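Trainee: Below is one structure. I have some questions about it.
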Amino acid sequence: MNITRDVEFRTRLTLLSSEKGKYYFLGIGIDKYEHHKTLNNAVEDIKAVKNLLIEKYQFESSPLIFLKDKAATRTEILHALSIISKPLTEQDNLLIYYAGHGMLDEHNDGYLIPVEEKRESRGLAIEFDTIKKFITNSRARNVLFIADCCYA
């Protein structure tokens, strides 16, 4: 993480941690894709953020979900979003952090690329709008979605 992003991230977390309620984290990190170029730090970035949340903020280890590499299929990502959204109350906070490949189409619509997505395809990609629907339909007081995407 660079210093500017780190300061902004810490500021947002401070705002989140000043609220009452539980703190939930969904981390998705993919380095080893089946059909895309391997990435170097996506999984480690998610682990570092997860550890930071536990050590310095009020995130407990129980409401944390971490999907990495082979576990980060389209089905599992959508399932994790569903599971983590259900128990949220109006006092709770949710941080969703994705690190991996992303894609923009000709209309600048954004997509997350799950581990099994084929190159030059969009069939299994997860639209940012899908993530937005989970966020909009959740009862959480605050939701922060970070998409740290490589668009190579």
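The chains in the structure tokens are called A, B, ... from first to last as shown; in each chain the residues are counted from 1, and the ligands are counted from 1 in the order shown.
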Any idea what's packed within 10 Å of Ala72 in chain A, counting only C-alpha atoms, ignoring anything in its chain fewer than 4 positions away? Could you give it as a list in words?

Mentor: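 The residues that qualify are Gly27, Ile28, Gly29, Ile30, Tyr33, Phe66, Leu67, Lys68, Glu76, Ile77, Leu78, Ala80, Ile113, Pro114, Val115 and Glu116 of chain A.
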
Trainee: Hey, what's within 7 Å of Gly110 in chain A if we count only C-alpha atoms and toss same-chain stuff fewer than 5 positions away? As a list in words, please?

Mentor: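 Within the cut-off, the hits are Met103, Leu104, Asp105, Glu127 and Phe128 of chain A.
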
Trainee: So that I have them on file, write out the residues from the current selection with all heavy atoms, as a short mmCIF file (atom, residue, chain, number, x, y, z; two decimals), in the first residue's frame.

Mentor:
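Resulting contents of part.cif:
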data_model
loop_
_atom_site.label_atom_id
_atom_site.label_comp_id
_atom_site.auth_asym_id
_atom_site.auth_seq_id
_atom_site.Cartn_x
_atom_site.Cartn_y
_atom_site.Cartn_z
N MET A 103 -12.01 -5.90 -14.79
CA MET A 103 -12.24 -5.64 -16.20
C MET A 103 -13.23 -4.49 -16.34
O MET A 103 -14.15 -4.34 -15.55
CB MET A 103 -12.82 -6.90 -16.85
CG MET A 103 -13.06 -6.78 -18.34
SD MET A 103 -13.52 -8.37 -19.10
CE MET A 103 -15.04 -8.74 -18.29
N LEU A 104 -12.99 -3.67 -17.36
CA LEU A 104 -13.93 -2.62 -17.75
C LEU A 104 -14.41 -2.94 -19.15
O LEU A 104 -13.62 -3.32 -20.00
CB LEU A 104 -13.27 -1.24 -17.73
CG LEU A 104 -12.82 -0.70 -16.38
CD1 LEU A 104 -12.03 0.58 -16.56
CD2 LEU A 104 -14.02 -0.45 -15.49
N ASP A 105 -15.71 -2.75 -19.41
CA ASP A 105 -16.19 -2.98 -20.77
C ASP A 105 -16.25 -1.65 -21.52
O ASP A 105 -15.80 -0.60 -21.01
CB ASP A 105 -17.53 -3.72 -20.78
CG ASP A 105 -18.68 -2.91 -20.19
OD1 ASP A 105 -18.55 -1.69 -20.00
OD2 ASP A 105 -19.74 -3.53 -19.94
N GLU A 127 -20.29 -8.20 -11.89
CA GLU A 127 -20.44 -6.77 -12.13
C GLU A 127 -20.37 -5.99 -10.81
O GLU A 127 -20.87 -6.45 -9.79
CB GLU A 127 -21.79 -6.47 -12.77
CG GLU A 127 -21.91 -6.92 -14.20
CD GLU A 127 -23.26 -6.52 -14.77
OE1 GLU A 127 -23.38 -5.37 -15.24
OE2 GLU A 127 -24.16 -7.36 -14.73
N PHE A 128 -19.78 -4.80 -10.89
CA PHE A 128 -19.78 -3.92 -9.72
C PHE A 128 -21.22 -3.66 -9.28
O PHE A 128 -21.50 -3.51 -8.10
CB PHE A 128 -19.09 -2.59 -10.02
CG PHE A 128 -17.58 -2.68 -10.08
CD1 PHE A 128 -16.85 -1.57 -10.46
CD2 PHE A 128 -16.89 -3.82 -9.77
CE1 PHE A 128 -15.46 -1.60 -10.53
CE2 PHE A 128 -15.51 -3.88 -9.83
CZ PHE A 128 -14.79 -2.76 -10.22
#

Trainee: Counting only C-alpha atoms, which of A:Lys86, A:Lys70, A:Lys133, A:Lys47 gets nearest to Tyr24 in chain A?

Mentor: A:Lys86

Trainee: Please, which residues of chain A, numbered as in this document, come out strand (DSSP E) from DSSP, as an MDAnalysis selection string?

Mentor: chainID A and resid 23:29 64:68 93:104 110:112 126:127 142:150

Trainee: For the residues selected in the previous step, produce a file with N, CA, C and O atoms as a compact mmCIF listing (two decimals), in the first residue's frame.

Mentor:
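And here's selection_7.txt as it stands now:
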# COMPACT_ATOMS: atom_id res chain seq x y z
N TYR A 23 -18.35 -5.22 13.47
CA TYR A 23 -17.55 -4.88 12.31
C TYR A 23 -17.26 -6.15 11.53
O TYR A 23 -16.66 -7.08 12.05
N TYR A 24 -17.71 -6.17 10.29
CA TYR A 24 -17.60 -7.34 9.44
C TYR A 24 -16.62 -7.06 8.31
O TYR A 24 -16.53 -5.94 7.82
N PHE A 25 -15.93 -8.12 7.88
CA PHE A 25 -14.95 -8.00 6.81
C PHE A 25 -15.10 -9.16 5.85
O PHE A 25 -15.14 -10.32 6.27
N LEU A 26 -15.18 -8.84 4.57
CA LEU A 26 -15.12 -9.84 3.51
C LEU A 26 -13.92 -9.50 2.66
O LEU A 26 -13.89 -8.46 2.00
N GLY A 27 -12.91 -10.35 2.70
CA GLY A 27 -11.71 -10.16 1.91
C GLY A 27 -11.60 -11.22 0.82
O GLY A 27 -11.77 -12.40 1.10
N ILE A 28 -11.36 -10.76 -0.40
CA ILE A 28 -11.22 -11.67 -1.54
C ILE A 28 -9.90 -11.33 -2.22
O ILE A 28 -9.72 -10.22 -2.71
N GLY A 29 -8.99 -12.28 -2.22
CA GLY A 29 -7.68 -12.07 -2.84
C GLY A 29 -7.33 -13.21 -3.77
O GLY A 29 -7.39 -14.37 -3.37
N LEU A 64 -15.27 -12.34 10.12
CA LEU A 64 -14.36 -12.10 9.02
C LEU A 64 -14.42 -13.28 8.05
O LEU A 64 -14.31 -14.43 8.45
N ILE A 65 -14.60 -12.98 6.78
CA ILE A 65 -14.58 -14.01 5.75
C ILE A 65 -13.44 -13.68 4.80
O ILE A 65 -13.30 -12.54 4.37
N PHE A 66 -12.63 -14.69 4.49
CA PHE A 66 -11.46 -14.49 3.64
C PHE A 66 -11.45 -15.58 2.58
O PHE A 66 -11.33 -16.76 2.89
N LEU A 67 -11.62 -15.18 1.33
CA LEU A 67 -11.55 -16.11 0.19
C LEU A 67 -10.26 -15.83 -0.56
O LEU A 67 -9.97 -14.68 -0.87
N LYS A 68 -9.50 -16.88 -0.85
CA LYS A 68 -8.27 -16.66 -1.61
C LYS A 68 -8.12 -17.71 -2.70
O LYS A 68 -8.59 -18.85 -2.56
N ASN A 93 -21.12 -2.40 10.62
CA ASN A 93 -20.26 -1.86 9.56
C ASN A 93 -19.64 -3.02 8.79
O ASN A 93 -19.29 -4.04 9.37
N LEU A 94 -19.50 -2.82 7.49
CA LEU A 94 -18.97 -3.88 6.63
C LEU A 94 -17.89 -3.30 5.73
O LEU A 94 -18.09 -2.26 5.10
N LEU A 95 -16.77 -4.00 5.67
CA LEU A 95 -15.70 -3.68 4.74
C LEU A 95 -15.54 -4.85 3.79
O LEU A 95 -15.32 -5.98 4.22
N ILE A 96 -15.70 -4.59 2.49
CA ILE A 96 -15.48 -5.59 1.44
C ILE A 96 -14.23 -5.14 0.69
O ILE A 96 -14.18 -4.02 0.18
N TYR A 97 -13.23 -6.00 0.64
CA TYR A 97 -11.98 -5.66 -0.02
C TYR A 97 -11.64 -6.76 -1.01
O TYR A 97 -11.44 -7.91 -0.64
N TYR A 98 -11.60 -6.40 -2.29
CA TYR A 98 -11.26 -7.32 -3.36
C TYR A 98 -9.91 -6.92 -3.93
O TYR A 98 -9.69 -5.76 -4.27
N ALA A 99 -9.01 -7.89 -4.06
CA ALA A 99 -7.72 -7.68 -4.72
C ALA A 99 -7.54 -8.79 -5.75
O ALA A 99 -7.54 -9.97 -5.40
N GLY A 100 -7.44 -8.40 -7.01
CA GLY A 100 -7.29 -9.36 -8.09
C GLY A 100 -7.50 -8.69 -9.43
O GLY A 100 -7.47 -7.46 -9.52
N HIS A 101 -7.73 -9.49 -10.45
CA HIS A 101 -7.98 -8.94 -11.77
C HIS A 101 -9.37 -8.32 -11.84
O HIS A 101 -10.31 -8.80 -11.21
N GLY A 102 -9.46 -7.26 -12.63
CA GLY A 102 -10.73 -6.61 -12.90
C GLY A 102 -10.85 -6.36 -14.38
O GLY A 102 -9.91 -6.58 -15.14
N MET A 103 -12.01 -5.90 -14.79
CA MET A 103 -12.24 -5.64 -16.20
C MET A 103 -13.23 -4.49 -16.34
O MET A 103 -14.15 -4.34 -15.55
N LEU A 104 -12.99 -3.67 -17.36
CA LEU A 104 -13.93 -2.62 -17.75
C LEU A 104 -14.41 -2.94 -19.15
O LEU A 104 -13.62 -3.32 -20.00
N GLY A 110 -17.70 -1.89 -14.58
CA GLY A 110 -16.62 -2.63 -13.96
C GLY A 110 -17.02 -4.02 -13.54
O GLY A 110 -18.18 -4.29 -13.21
N TYR A 111 -16.04 -4.93 -13.56
CA TYR A 111 -16.25 -6.33 -13.20
C TYR A 111 -15.10 -6.84 -12.35
O TYR A 111 -13.95 -6.48 -12.58
N LEU A 112 -15.41 -7.71 -11.40
CA LEU A 112 -14.41 -8.48 -10.67
C LEU A 112 -14.25 -9.80 -11.41
O LEU A 112 -15.22 -10.39 -11.88
N ILE A 126 -18.12 -10.76 -12.16
CA ILE A 126 -19.12 -10.21 -11.25
C ILE A 126 -19.16 -8.69 -11.44
O ILE A 126 -18.18 -8.00 -11.17
N GLU A 127 -20.29 -8.20 -11.89
CA GLU A 127 -20.44 -6.77 -12.13
C GLU A 127 -20.37 -5.99 -10.81
O GLU A 127 -20.87 -6.45 -9.79
N ASN A 142 -22.71 1.43 7.74
CA ASN A 142 -21.64 1.85 6.84
C ASN A 142 -21.12 0.64 6.08
O ASN A 142 -20.94 -0.43 6.65
N VAL A 143 -20.88 0.84 4.79
CA VAL A 143 -20.26 -0.19 3.96
C VAL A 143 -19.16 0.49 3.14
O VAL A 143 -19.40 1.51 2.51
N LEU A 144 -17.99 -0.09 3.17
CA LEU A 144 -16.87 0.39 2.37
C LEU A 144 -16.45 -0.74 1.45
O LEU A 144 -16.14 -1.84 1.91
N PHE A 145 -16.49 -0.50 0.14
CA PHE A 145 -16.09 -1.50 -0.85
C PHE A 145 -14.82 -1.00 -1.52
O PHE A 145 -14.81 0.08 -2.11
N ILE A 146 -13.76 -1.78 -1.43
CA ILE A 146 -12.49 -1.45 -2.06
C ILE A 146 -12.22 -2.48 -3.14
O ILE A 146 -12.19 -3.67 -2.88
N ALA A 147 -12.05 -2.00 -4.37
CA ALA A 147 -11.71 -2.89 -5.49
C ALA A 147 -10.31 -2.52 -5.95
O ALA A 147 -10.10 -1.52 -6.62
N ASP A 148 -9.34 -3.32 -5.54
CA ASP A 148 -7.94 -3.13 -5.90
C ASP A 148 -7.68 -4.04 -7.09
O ASP A 148 -7.20 -5.16 -6.94
N CYS A 149 -8.06 -3.57 -8.28
CA CYS A 149 -8.06 -4.40 -9.48
C CYS A 149 -6.87 -4.11 -10.38
O CYS A 149 -6.49 -2.97 -10.58
N CYS A 150 -6.34 -5.19 -10.95
CA CYS A 150 -5.36 -5.11 -12.00
C CYS A 150 -6.13 -5.24 -13.32
O CYS A 150 -6.87 -6.22 -13.51

Trainee: Taking the DSSP assignment computed from this structure's backbone, write out as a ChimeraX atom specification all residues of range 46-80 of chain A that belong to helix (DSSP H, G or I).

Mentor: /A:46-56,69-71,74-80

Trainee: Go ahead and compute the interatomic distance for CA of Glu44 in chain A and CA of Ser121 in chain A, in Å to one decimal.

Mentor: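 Pair CA of Glu44 in chain A / CA of Ser121 in chain A returns 26.6 Å.
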
Trainee: Between CA of Ile84 in chain A and CA of Ile46 in chain A, what distance in Å does the model show, to one decimal?

Mentor: 16.7 Å

Trainee: Pick from A:Ala125, A:Ser82, A:Thr38, A:Tyr151: nearest to Ser138 in chain A, with only C-alpha atoms counted?

Mentor: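 Looking at the shortest contact to Ser138 in chain A, the residue is A:Ser82.
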
Trainee: Within 9 Å of Thr89 in chain A, counting only C-alpha atoms, which residues show up once you throw out same-chain ones fewer than 5 positions away? Write them as a PyMOL selection string, please.

Mentor: chain A and resi 21-22+138-141

Trainee: Just the selected residues (all heavy atoms), exported as a PDB file, in the first residue's frame, please.

Mentor:
ATOM      1  N   GLY A  21     -21.827  -1.132  17.201  1.00  0.00           N
ATOM      2  CA  GLY A  21     -22.230  -2.272  16.392  1.00  0.00           C
ATOM      3  C   GLY A  21     -21.040  -3.159  16.100  1.00  0.00           C
ATOM      4  O   GLY A  21     -19.934  -2.924  16.564  1.00  0.00           O
ATOM      5  N   LYS A  22     -21.283  -4.198  15.327  1.00  0.00           N
ATOM      6  CA  LYS A  22     -20.218  -5.129  14.962  1.00  0.00           C
ATOM      7  C   LYS A  22     -19.543  -4.677  13.679  1.00  0.00           C
ATOM      8  O   LYS A  22     -20.084  -3.908  12.905  1.00  0.00           O
ATOM      9  CB  LYS A  22     -20.792  -6.530  14.773  1.00  0.00           C
ATOM     10  CG  LYS A  22     -21.216  -7.182  16.052  1.00  0.00           C
ATOM     11  CD  LYS A  22     -21.635  -8.611  15.796  1.00  0.00           C
ATOM     12  CE  LYS A  22     -22.047  -9.261  17.107  1.00  0.00           C
ATOM     13  NZ  LYS A  22     -22.522 -10.630  16.888  1.00  0.00           N
ATOM     14  N   SER A 138     -28.280  -4.319   2.071  1.00  0.00           N
ATOM     15  CA  SER A 138     -27.864  -4.652   3.437  1.00  0.00           C
ATOM     16  C   SER A 138     -28.414  -3.595   4.387  1.00  0.00           C
ATOM     17  O   SER A 138     -28.743  -2.483   3.992  1.00  0.00           O
ATOM     18  CB  SER A 138     -26.337  -4.710   3.542  1.00  0.00           C
ATOM     19  OG  SER A 138     -25.797  -3.420   3.693  1.00  0.00           O
ATOM     20  N   ARG A 139     -28.502  -3.970   5.638  1.00  0.00           N
ATOM     21  CA  ARG A 139     -28.991  -3.012   6.638  1.00  0.00           C
ATOM     22  C   ARG A 139     -27.833  -2.301   7.339  1.00  0.00           C
ATOM     23  O   ARG A 139     -28.063  -1.551   8.287  1.00  0.00           O
ATOM     24  CB  ARG A 139     -29.835  -3.759   7.663  1.00  0.00           C
ATOM     25  CG  ARG A 139     -31.113  -4.313   7.090  1.00  0.00           C
ATOM     26  CD  ARG A 139     -31.867  -5.064   8.155  1.00  0.00           C
ATOM     27  NE  ARG A 139     -31.008  -6.122   8.683  1.00  0.00           N
ATOM     28  CZ  ARG A 139     -31.329  -7.396   8.751  1.00  0.00           C
ATOM     29  NH1 ARG A 139     -32.491  -7.788   8.351  1.00  0.00           N
ATOM     30  NH2 ARG A 139     -30.498  -8.283   9.231  1.00  0.00           N
ATOM     31  N   ALA A 140     -26.621  -2.534   6.906  1.00  0.00           N
ATOM     32  CA  ALA A 140     -25.452  -1.976   7.591  1.00  0.00           C
ATOM     33  C   ALA A 140     -25.480  -0.452   7.601  1.00  0.00           C
ATOM     34  O   ALA A 140     -25.945   0.190   6.658  1.00  0.00           O
ATOM     35  CB  ALA A 140     -24.170  -2.455   6.932  1.00  0.00           C
ATOM     36  N   ARG A 141     -24.975   0.094   8.672  1.00  0.00           N
ATOM     37  CA  ARG A 141     -24.876   1.552   8.794  1.00  0.00           C
ATOM     38  C   ARG A 141     -23.860   2.099   7.810  1.00  0.00           C
ATOM     39  O   ARG A 141     -24.082   3.088   7.137  1.00  0.00           O
ATOM     40  CB  ARG A 141     -24.476   1.909  10.220  1.00  0.00           C
ATOM     41  CG  ARG A 141     -24.266   3.384  10.410  1.00  0.00           C
ATOM     42  CD  ARG A 141     -23.894   3.698  11.840  1.00  0.00           C
ATOM     43  NE  ARG A 141     -24.626   4.887  12.202  1.00  0.00           N
ATOM     44  CZ  ARG A 141     -24.978   5.211  13.403  1.00  0.00           C
ATOM     45  NH1 ARG A 141     -24.683   4.418  14.401  1.00  0.00           N
ATOM     46  NH2 ARG A 141     -25.626   6.307  13.634  1.00  0.00           N
TER      47      ARG A 141
END

Trainee: In Å to one decimal, how far is CA of Asp109 in chain A from CA of Thr73 in chain A?

Mentor: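 Straight-line distance from CA of Thr73 in chain A to CA of Asp109 in chain A works out to 20.3 Å.
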